[in-house]
Amino acid sequence: MPSPRIFLRVLVFLIIAFGALALASGGYSAWRLSTRLTTEHEGKALAIAQTLAANLARDVTQANGAAEPLDGLLGHIDTIDGVSYVLVTDSAGRPVAHTFTGEVPQPLLTATMQASATGIRRISAAQSQSYLDGSCPVAGTDLTVHVGMDHRPVQSALHSSILDHQILALAFFALFALAAWVYTNRLTRPLRHLAEYARKVRGHDFTADLRITSDDEVGDAARAIRSTTRELAGSIASLKKSADDATTRLSDTQSTFTAIMNTTADGIVVTNRMGVIRSSNPALLDMFLLSEQELRSRTICDLLHKSMDDIATLTGISLSARADAPAATRRGTAEFETVLGDLEFPIELSVSVIPRGADADVVFIIRDITERKFVEEQLREAHDRLERRVCERTAELEQANAKLKAEILEREIAENALREAEADYRSIFENATEGIFRIAPNGTYTDANPAMARIFGYDTPAELLTAFSALGASPLLEEGDDRPFMRKLLTNWSVSNHETRARRRDGQIIWVAFNARCVRNKRGEILHFEGSVDDITRRKEYEAQLKHQAFHDPLTSLPNRSLFLNHLDMSMRRKKRSPETLFAVLYLDLDRFKVINDSLGHTVGDLLLTHVAKTLTTCVRDVDTVARFGGDEFAVLLDDVSAPRESIKVAKRILHTITRPTRLGGCEVFTAASIGIVFISEDYADAESILRDADTAMYRAKEQGRGRFKVFNNKMHCHAVRQLKLETDLRRSLDQQDFELYYQPIVDLGTGHMSGLEALIRWNHPELGRISPDDFIPIAEDTGLIIPLGAWVLTEVCRQVRQWHDACGLSIPVSVNLSARQFMMPTLLGDVRDILRDTGAPPHLLKFEITETVLMQNAPVAVETLGRLREMGILISMDDFGTGYSLFSYLVEFPIDVIKIDRSLVSRICTDADCGTIVRSIVGLAQNLGFSAVAEGVEIPEQADKLRGYDCPCAQGFYFSQPVPAREAESLLAAANLRTH
């Protein structure tokens, strides 16, 4: 835990101040010691010089200037401690006597000549030697005595003193620093805890504990900080939750608004007050037949052919209205006709002004009301026709009334005849196999035959009538009595085939069919109602069973396609009545169901379909419709969802639930599904179009990896239409032979010579021009057209090989790509043998390229087929090696000659060291197994150089040559050499 910086600064300042004080005191002591020692040496030198000068003056006077006494006098002076030399000079500075051995040093002699008569002078005689020279004149002569004191003892004493002082100061300094550190550490420990706690709080770590319990200012501060932090943690958590909730609501609102904007059929555009367009929705572009780029260069005035003032006048709004202005001045609606090219069409324009400070957003909602106007006109015409029809019908009814009166008269005559035949009727009544009854005008049953009693479980008609009287009503179950039947009878005076449910005496519920009519007397008064009743229970059961079978899947009991389409039609009609209602269709197909069906049997397959049906039913609501269309295809109609994301959630829930393993027939089964989603809009004219688009989205989900969902968009439909057109044109081009073969050289990297050619197909579409194989080969694979297309390619290559062999002595093989379907065809060997025989092509000049993925799909069969091809003399190349299974154990079993390294690895060998290592390993593997290696997709010289360094024998790519037509390939064969540098 680091110390607080404020105390660290104080500690550093005190240490620096103590160090400066130690340096200052040491310097001052050294200066004082140096001064004192130097003064002592100077006094000593001057005293010796003066004493010696006095002695010399005396001796010279006695010796009358002889030199011997001088040397004798000087002989014992240099033995004095500290005295280095004694020199006596004359007035010219020449030495008269001295204590040096040999000559007087010249620097010393020069320095003494400049010295004053009496005094002390510091003299440097050598680089590392200095003296204190004391001089004094000899009285009565022209001589001067110089005594030199060695200054080195002074310096040595000075250095020793400074060293002792610094050692002592350093010891005190270290002791002081240690004490200061210990004191500061103890003093700042609570502050360090506070700082560490503050750093954790700053990082939003509120779980740390502040362990400071001292009863001082720091403890008070710690407790206050701890309390504040807890309050802050609670506030931050609350604010974060509020922010997350607000973000979620905003995201949901934005998604809903975007979905509304993109799916509404009305054109929506936002401008400023000047009419400059800021944003719009796709419906506006469709309405005015514009692209987004064309719309940017226009204003709303250009689209509506009216100025902003005219629009404001028509709609009754004020473009300058502020936010507090009445709503009537900020919103308005108008209908008028606008122009699109030469076409005039009516629109309904809704305008809203949304003030934003100094500017404002003007929202225009444009609805094409051409169809509504047309319907209104049709309604007016229909109303006129109806009035004319009413008049005509009135006249007809008057005529019919006259006829009715005549019929009534005839009926009276018939009733008389009926009474006369009553005896016969009674016999029929008693012995009829169908129930016959008579009802009074008040609804009471007054008579019944034995058959009716048997139908309702009674032994005699009397028991039936007694039971009906005791019940006070009939046993019919409609609304608890026979009121609907009687109401219909009293309204129409007759009832035909009125089917309803009834309860027998034993409580069994049966279906019965009533037929009844009103019987009147001559005066037209109602005498009674008579009729018959049949037990139609069995027929109803048959009808229900047939209806269920007609509209439900017999395996899963789910609605079938017909019932689903019926529900979808009802949803579409509701969508038209309530455009704001949202519906969605999910089209589901199980992934790899055929594998499960073929491997585990149809019984397990049926169990899996039943399990999936139950899973789908549990993943949706009761109001939603789940249907099975047959095979492993299911559909779900989500009724009245709140937002598109709800449909996405249902799709995710279905995918997650289906992927769970389940045990079926004693086997643990795993499956997955692909789902296509379509949101129902008013643009759809029929239900089949919705299923078509859902199916398209589902297949797009399968193409992108299965086990996922895909929401339909218009691009998918355009892609499907284009694919269908390409498929149709592909079939036509096969008949018209609109294809052409190109050849790309394979180069020997060692010699630079061409070592082979690869045949590549090109489609010269009569309308679209040249189409890449990547666009039409997958279609040919899916539709099975790859079989005749591959046969044509193989025939053309063999024919060309025979031609080159005869014309220019072709000696290198030509490669042909075999598709998965071609290779797995049982007739492949026979077809190849026939083509070789018909074209006369040498088999050793033909090489088949087959991807490793195709070979690994059924390895045992592949080994046998390749062996038979090799027996014919055809070379075999494993194409796209390194991108599929790459099971090296099968390389030994497959009878192949060449390994082609995929371009995805070759393209990265200069930038990716791992790819380079893989390519080098593949080349080495091929060499060790006795195969040749060819690197595909070489486009730059650096890649070629790398491959040479890997000892790769051959390569092909744009760097050497692009694919060329047959005539140019023949020229390359003649040159037989390509650039490699």
# chains A, B, ... in the order shown; residues from 1 in each chain; ligands from 1

$ residues_around --residues "His611 (chain A)" --least-positions-apart "3" --cutoff "10 Å" --atoms "only C-alpha atoms" --output "ChimeraX atom specification"
/A:556,605-608,614-617,658,662,664

$ residues_around --residues "Pro813 (chain A)" --least-positions-apart "3" --cutoff "6 Å" --atoms "only C-alpha atoms" --output "count of residues only"
3

$ residues_around --residues "Asp553 (chain A)" --least-positions-apart "6" --cutoff "7 Å" --atoms "only C-alpha atoms" --output "MDAnalysis selection string"
chainID A and resid 559:560 628

$ select_by_dssp --residues "region 610-662 of chain A" --states "alpha helix (DSSP H)" --output "PyMOL selection string"
chain A and resi 610-619+644-658

$ residues_around --residues "Thr491 (chain A)" --least-positions-apart "5" --cutoff "12 Å" --atoms "only C-alpha atoms" --output "list in words"
Arg483, Pro484, Phe485, Met486, Arg517 and Cys518 of chain A

$ write_last_selection --atoms "N, CA and C atoms" --output "short mmCIF file (atom, residue, chain, number, x, y, z; two decimals), in the first residue's frame"
data_model
loop_
_atom_site.label_atom_id
_atom_site.label_comp_id
_atom_site.auth_asym_id
_atom_site.auth_seq_id
_atom_site.Cartn_x
_atom_site.Cartn_y
_atom_site.Cartn_z
N ARG A 483 -86.47 -23.45 -28.21
CA ARG A 483 -86.85 -22.12 -28.69
C ARG A 483 -86.28 -21.79 -30.07
N PRO A 484 -85.04 -22.08 -30.37
CA PRO A 484 -84.56 -21.79 -31.73
C PRO A 484 -85.37 -22.52 -32.80
N PHE A 485 -85.69 -23.80 -32.52
CA PHE A 485 -86.49 -24.57 -33.47
C PHE A 485 -87.87 -23.96 -33.64
N MET A 486 -88.53 -23.63 -32.52
CA MET A 486 -89.88 -23.06 -32.59
C MET A 486 -89.86 -21.67 -33.19
N ARG A 517 -93.79 -28.48 -40.40
CA ARG A 517 -94.55 -27.45 -41.13
C ARG A 517 -95.76 -27.06 -40.31
N CYS A 518 -96.33 -25.97 -40.66
CA CYS A 518 -97.50 -25.46 -39.96
C CYS A 518 -98.78 -25.98 -40.66
#

$ residues_around --residues "region 757-769 of chain A" --least-positions-apart "4" --cutoff "8 Å" --atoms "only C-alpha atoms" --output "count of residues only"
20

$ residues_around --residues "Pro461 (chain A)" --least-positions-apart "6" --cutoff "6 Å" --atoms "only C-alpha atoms" --output "NGL selection string"
:A and (448-450 or 453)

$ select_by_dssp --residues "region 504-547 of chain A" --states "strand (DSSP E or B)" --output "PyMOL selection string"
chain A and resi 509-520+526-535

$ write_last_selection --atoms "C-alpha atoms" --output "CSV table (one decimal), in the first residue's frame"
chain,number,residue,atom,x,y,z
A,509,ILE,CA,-76.2,-37.0,-26.4
A,510,ILE,CA,-77.4,-37.6,-29.9
A,511,TRP,CA,-77.8,-35.6,-33.1
A,512,VAL,CA,-81.3,-35.3,-34.6
A,513,ALA,CA,-82.7,-33.6,-37.7
A,514,PHE,CA,-86.2,-32.0,-37.6
A,515,ASN,CA,-88.5,-31.3,-40.5
A,516,ALA,CA,-91.8,-29.6,-39.6
A,517,ARG,CA,-94.5,-27.4,-41.1
A,518,CYS,CA,-97.5,-25.5,-40.0
A,519,VAL,CA,-101.0,-26.9,-40.4
A,520,ARG,CA,-103.9,-24.3,-40.7
A,526,ILE,CA,-102.9,-22.4,-36.9
A,527,LEU,CA,-104.1,-25.8,-35.8
A,528,HIS,CA,-100.8,-27.4,-35.0
A,529,PHE,CA,-97.3,-28.1,-36.2
A,530,GLU,CA,-96.4,-31.5,-37.5
A,531,GLY,CA,-93.1,-32.9,-38.6
A,532,SER,CA,-90.6,-35.7,-38.5
A,533,VAL,CA,-87.3,-36.3,-36.7
A,534,ASP,CA,-84.4,-38.6,-37.7
A,535,ASP,CA,-81.4,-39.8,-35.6

$ residues_around --residues "region 747-751 of chain A" --least-positions-apart "5" --cutoff "8 Å" --atoms "only C-alpha atoms" --output "ChimeraX atom specification"
/A:756,944,948,952-956,960,978,980

$ atom_distance --atom1 "CA of Gly82 (chain A)" --atom2 "CA of Pro105 (chain A)"
18.9 Å

$ closest_residue --among "A:Arg58, A:Arg411, A:Arg367, A:Arg298" --to "Met274 (chain A)" --atoms "only C-alpha atoms"
A:Arg298

$ atom_distance --atom1 "CA of Glu939 (chain A)" --atom2 "CA of Gly957 (chain A)"
5.7 Å

$ closest_residue --among "A:Val363, A:Ala467, A:Ala672, A:Ile771" --to "Gly275 (chain A)" --atoms "only C-alpha atoms"
A:Val363
